[in-house]
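Encoded as structure tokens, the structure appears first; notes follow it.
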Amino acid sequence: MPRPRRRTDPAADLSRTLVAAIEANTATVSVIGQGYVGLSVAAAAARAGMRTIGVDLDADRVASLSSGQQVVPGVDDELFVEAFATGRLGFTTDPAVVGDSDVVLICVPTPLIDSRPDLAAIEGAGAAVGRYLMPGTLVILESTTYPGTTEQVLRPLLESHGRVAGADLLLAYSPERINPGDHAHGFAGVPRVVGGLTEHCTAAAAAFYGRLVDIVHPVSSCRAAELAKLLENTYRLVNIALVNELAQLCADQGIDTWEVIDAAATKPFGFQRFEPGPGVGGHCIPLDPAYLTWQSRRDTGRPFRLVELAKDINDQMPSYTARRIMDSLNRRGIAVKGSKLLALGVTYKPDVGDVRESAAIQVLAHLSSWGAKLSFHDPFVTSIDEHGVKLRRRRLTEDLVRDADAVILLTPHATYDLDEIAGWSSLLFDARNATGRRDHPDIEVL
Ligand SMILES: NC(=O)c1ccc[n+]([C@@H]2O[C@H](COP(=O)([O-])OP(=O)(O)OC[C@H]3O[C@@H](n4cnc5c(N)ncnc54)[C@H](O)[C@@H]3O)[C@@H](O)[C@H]2O)c1
């Protein structure tokens, strides 16, 4: 009796073929969007041995990168230089290159407009690449977004030219989780979460990232991977809000917030240290949780209460910090109106050059609206023109510090010699407890 012929699953075959190509270093990669996320992963893929092409709409950026100039803030220069030197990393503005790619990554911006997710760039990228995709291509979305985007928004665009995701096209989501300015956790050291449309999609995506990072963590769906990313950043938002509100309670009760946090942090389990500050910034923690709150209200009509409350608390921190600075001046008989205030550090966190959503600038906006005369220094920022605050950087000198009624340390970059600055200041308001000198008569800590 003839044996029944084994039915083969075409998607399984495509996935196996792709995994073999990835492992043999013959797979080719294109990365749509050459911002911080896209350029980092493109460089990592090229360094790992895969021929990689970065695609961006911005012709100037493409021209600079093509000539070996790393022009994207925050990208690891060493990674870029190493990758570029291999000759495997190229750049173009033409999305047609995806027709020659085995793996296509989409790393385009997903901003909020009026607190609503704006997926126009994902839609634009999906529409641009859809027509060129060949059978067996693996498409992975890396942009941060709400659960369902890969399947409900990107998938139809990719399928509009006849391909079928999960059959002749492999589709997955994998969030970028890298922490700008964090040299302890480089690209390879941050585990990758991957979730595919089918198990074959997940397997192919896991094989791809397995070449770039030490640990890959597969999950059962694109939606689980999308939500995992939002959970991580929402967790930070909520815990930062908790210590920000604790700091206000401590100030009212005359308790030292930092002593309390130090004490709680001695617990070896069940507690993770978060620290208060003038507010959350950057374009991840303040924004990403809004995808969740927006989706919850859209799909169920219910607010995601804890997250909305956390956002409110954090949003009030710049004005709270400004009021605390006003109180400190007041205690010394100085009116905020007309006072000379020198702000140190205006980026959203230490040792990065990013001022997006920076709470420090919002603190300055409050102080400026009350009539303070502001000046600022930041090693990474030459001028500010935001929230009505328009300033050029001053040179940080002893005279400048001594001339100020108060120095406001908002973002403690590593280059600041805090002992020296504290010695020159008549009043140092330390919004991050960077000096650790809460008992000093001329230092006030948030
Ligand atoms: N920067 C971070 O720290 C970080 C971390 C994790 C996740 N993310 C997420 O990753 C995504 C990308 O972030 P980013 O910081 O790299 O963005 P970015 O704004 O720095 O860069 C995006 C790039 O995409 C290009 N682009 C937009 N539409 C395009 C298209 N259709 N075709 C080709 N290029 C296109 C833009 O010209 C720009 O150069 C966002 O969803 C962001 O939320 C960012």
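Here, A, B, ... name the chains of the structure tokens in the order displayed, residue numbers run from 1 inside each chain, and ligands are numbered from 1 in the same displayed order.
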Show me, as a count of residues only, the residues that have an atom within 9 Å of A:Val363 when counting only C-alpha atoms, minus same-chain residues fewer than 3 positions from it.
14
Please identify all protein, DNA and RNA residues within 6 Å of ligand 1, counting only C-alpha atoms and all ligand atoms, and report them as a ChimeraX atom specification.
/A:32-38,55-58,107-110,121,124-125,143-144,176-178,180
Please, could you write that set of residues out with C-alpha atoms as a PDB file, in the first residue's frame?
```pdb
ATOM      1  CA  ILE A  32      12.881  51.237   7.225  1.00  0.00           C
ATOM      2  CA  GLY A  33      13.536  54.350   9.314  1.00  0.00           C
ATOM      3  CA  GLN A  34      17.086  55.341  10.231  1.00  0.00           C
ATOM      4  CA  GLY A  35      16.490  57.068  13.539  1.00  0.00           C
ATOM      5  CA  TYR A  36      17.981  55.959  16.823  1.00  0.00           C
ATOM      6  CA  VAL A  37      16.180  52.603  16.727  1.00  0.00           C
ATOM      7  CA  GLY A  38      16.543  51.785  13.020  1.00  0.00           C
ATOM      8  CA  VAL A  55      16.086  53.183   4.248  1.00  0.00           C
ATOM      9  CA  ASP A  56      14.981  56.674   5.205  1.00  0.00           C
ATOM     10  CA  LEU A  57      12.841  59.402   3.656  1.00  0.00           C
ATOM     11  CA  ASP A  58      15.398  61.981   4.762  1.00  0.00           C
ATOM     12  CA  CYS A 107      11.446  51.358  12.844  1.00  0.00           C
ATOM     13  CA  VAL A 108       9.502  54.537  12.126  1.00  0.00           C
ATOM     14  CA  PRO A 109       8.196  57.114  14.614  1.00  0.00           C
ATOM     15  CA  THR A 110       4.890  56.651  16.433  1.00  0.00           C
ATOM     16  CA  ALA A 121       4.548  56.634   9.630  1.00  0.00           C
ATOM     17  CA  GLY A 124       3.361  55.084   5.158  1.00  0.00           C
ATOM     18  CA  ALA A 125       6.109  52.510   5.595  1.00  0.00           C
ATOM     19  CA  SER A 143       8.054  50.860  16.591  1.00  0.00           C
ATOM     20  CA  THR A 144       6.387  51.283  19.973  1.00  0.00           C
ATOM     21  CA  GLU A 176      13.231  48.079  20.875  1.00  0.00           C
ATOM     22  CA  ARG A 177      14.064  48.344  24.589  1.00  0.00           C
ATOM     23  CA  ILE A 178      17.461  49.981  24.588  1.00  0.00           C
ATOM     24  CA  PRO A 180      19.789  55.755  25.744  1.00  0.00           C
TER      25      PRO A 180
END
```
Go through A:Asp312, A:Asp385, A:Glu226, A:Asp182 and flag the residue nearest A:Gly74, using only C-alpha atoms for the distances.
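Nearest candidate to A:Gly74 out of A:Asp312, A:Asp385, A:Glu226, A:Asp182: A:Asp182.
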Counting only C-alpha atoms, figure out which residue out of A:Val62, A:Val193, A:Leu89, A:Leu246 gets nearest to A:Ala207.
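Checking each candidate against A:Ala207, we get A:Val193 as the closest.
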So which bits of stretch 83-299 of chain A end up alpha helix (DSSP H) when you DSSP the backbone, as an MDAnalysis selection string?
chainID A and resid 83:85 120:130 155:158 199:210 222:253 257:264 288:299
Which residues are close to stretch 94-100 of chain A, i.e. within 9 Å by only C-alpha atoms, leaving aside same-chain residues fewer than 3 positions away? Reply as a ChimeraX atom specification.
/A:28-32,53,55-57,91,103-104,125,128-134,137
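Coordinates place atom CA of A:Ser40 at a distance of 23.7 Å from atom CA of A:Pro147.
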May I ask for the distance between atom CA of A:Leu364 and atom CA of A:Val71, given in Å to one decimal place?
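Separation of atom CA of A:Leu364 and atom CA of A:Val71: 28.9 Å.
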If you count only C-alpha atoms, which residues fall within 7 Å of A:Leu18, apart from same-chain ones fewer than 4 positions away, as a count of residues only?
3
Would you kindly return, as number ranges by chain, each protein, DNA or RNA residue with an atom no farther than 8 Å from any atom of stretch 289-297 of chain A, considering only C-alpha atoms and excluding same-chain residues fewer than 6 positions away?
A: 115-117, 145-146, 230-231, 233-234, 237, 303-304, 307-308
One decimal place gives the atom CA of A:Ala85-atom CA of A:Val194 separation as 29.0 Å
Nearest to A:Gly277 by atom-to-atom distance, counting only C-alpha atoms, from A:Phe80, A:Phe208, A:Phe187, A:Phe429
A:Phe429
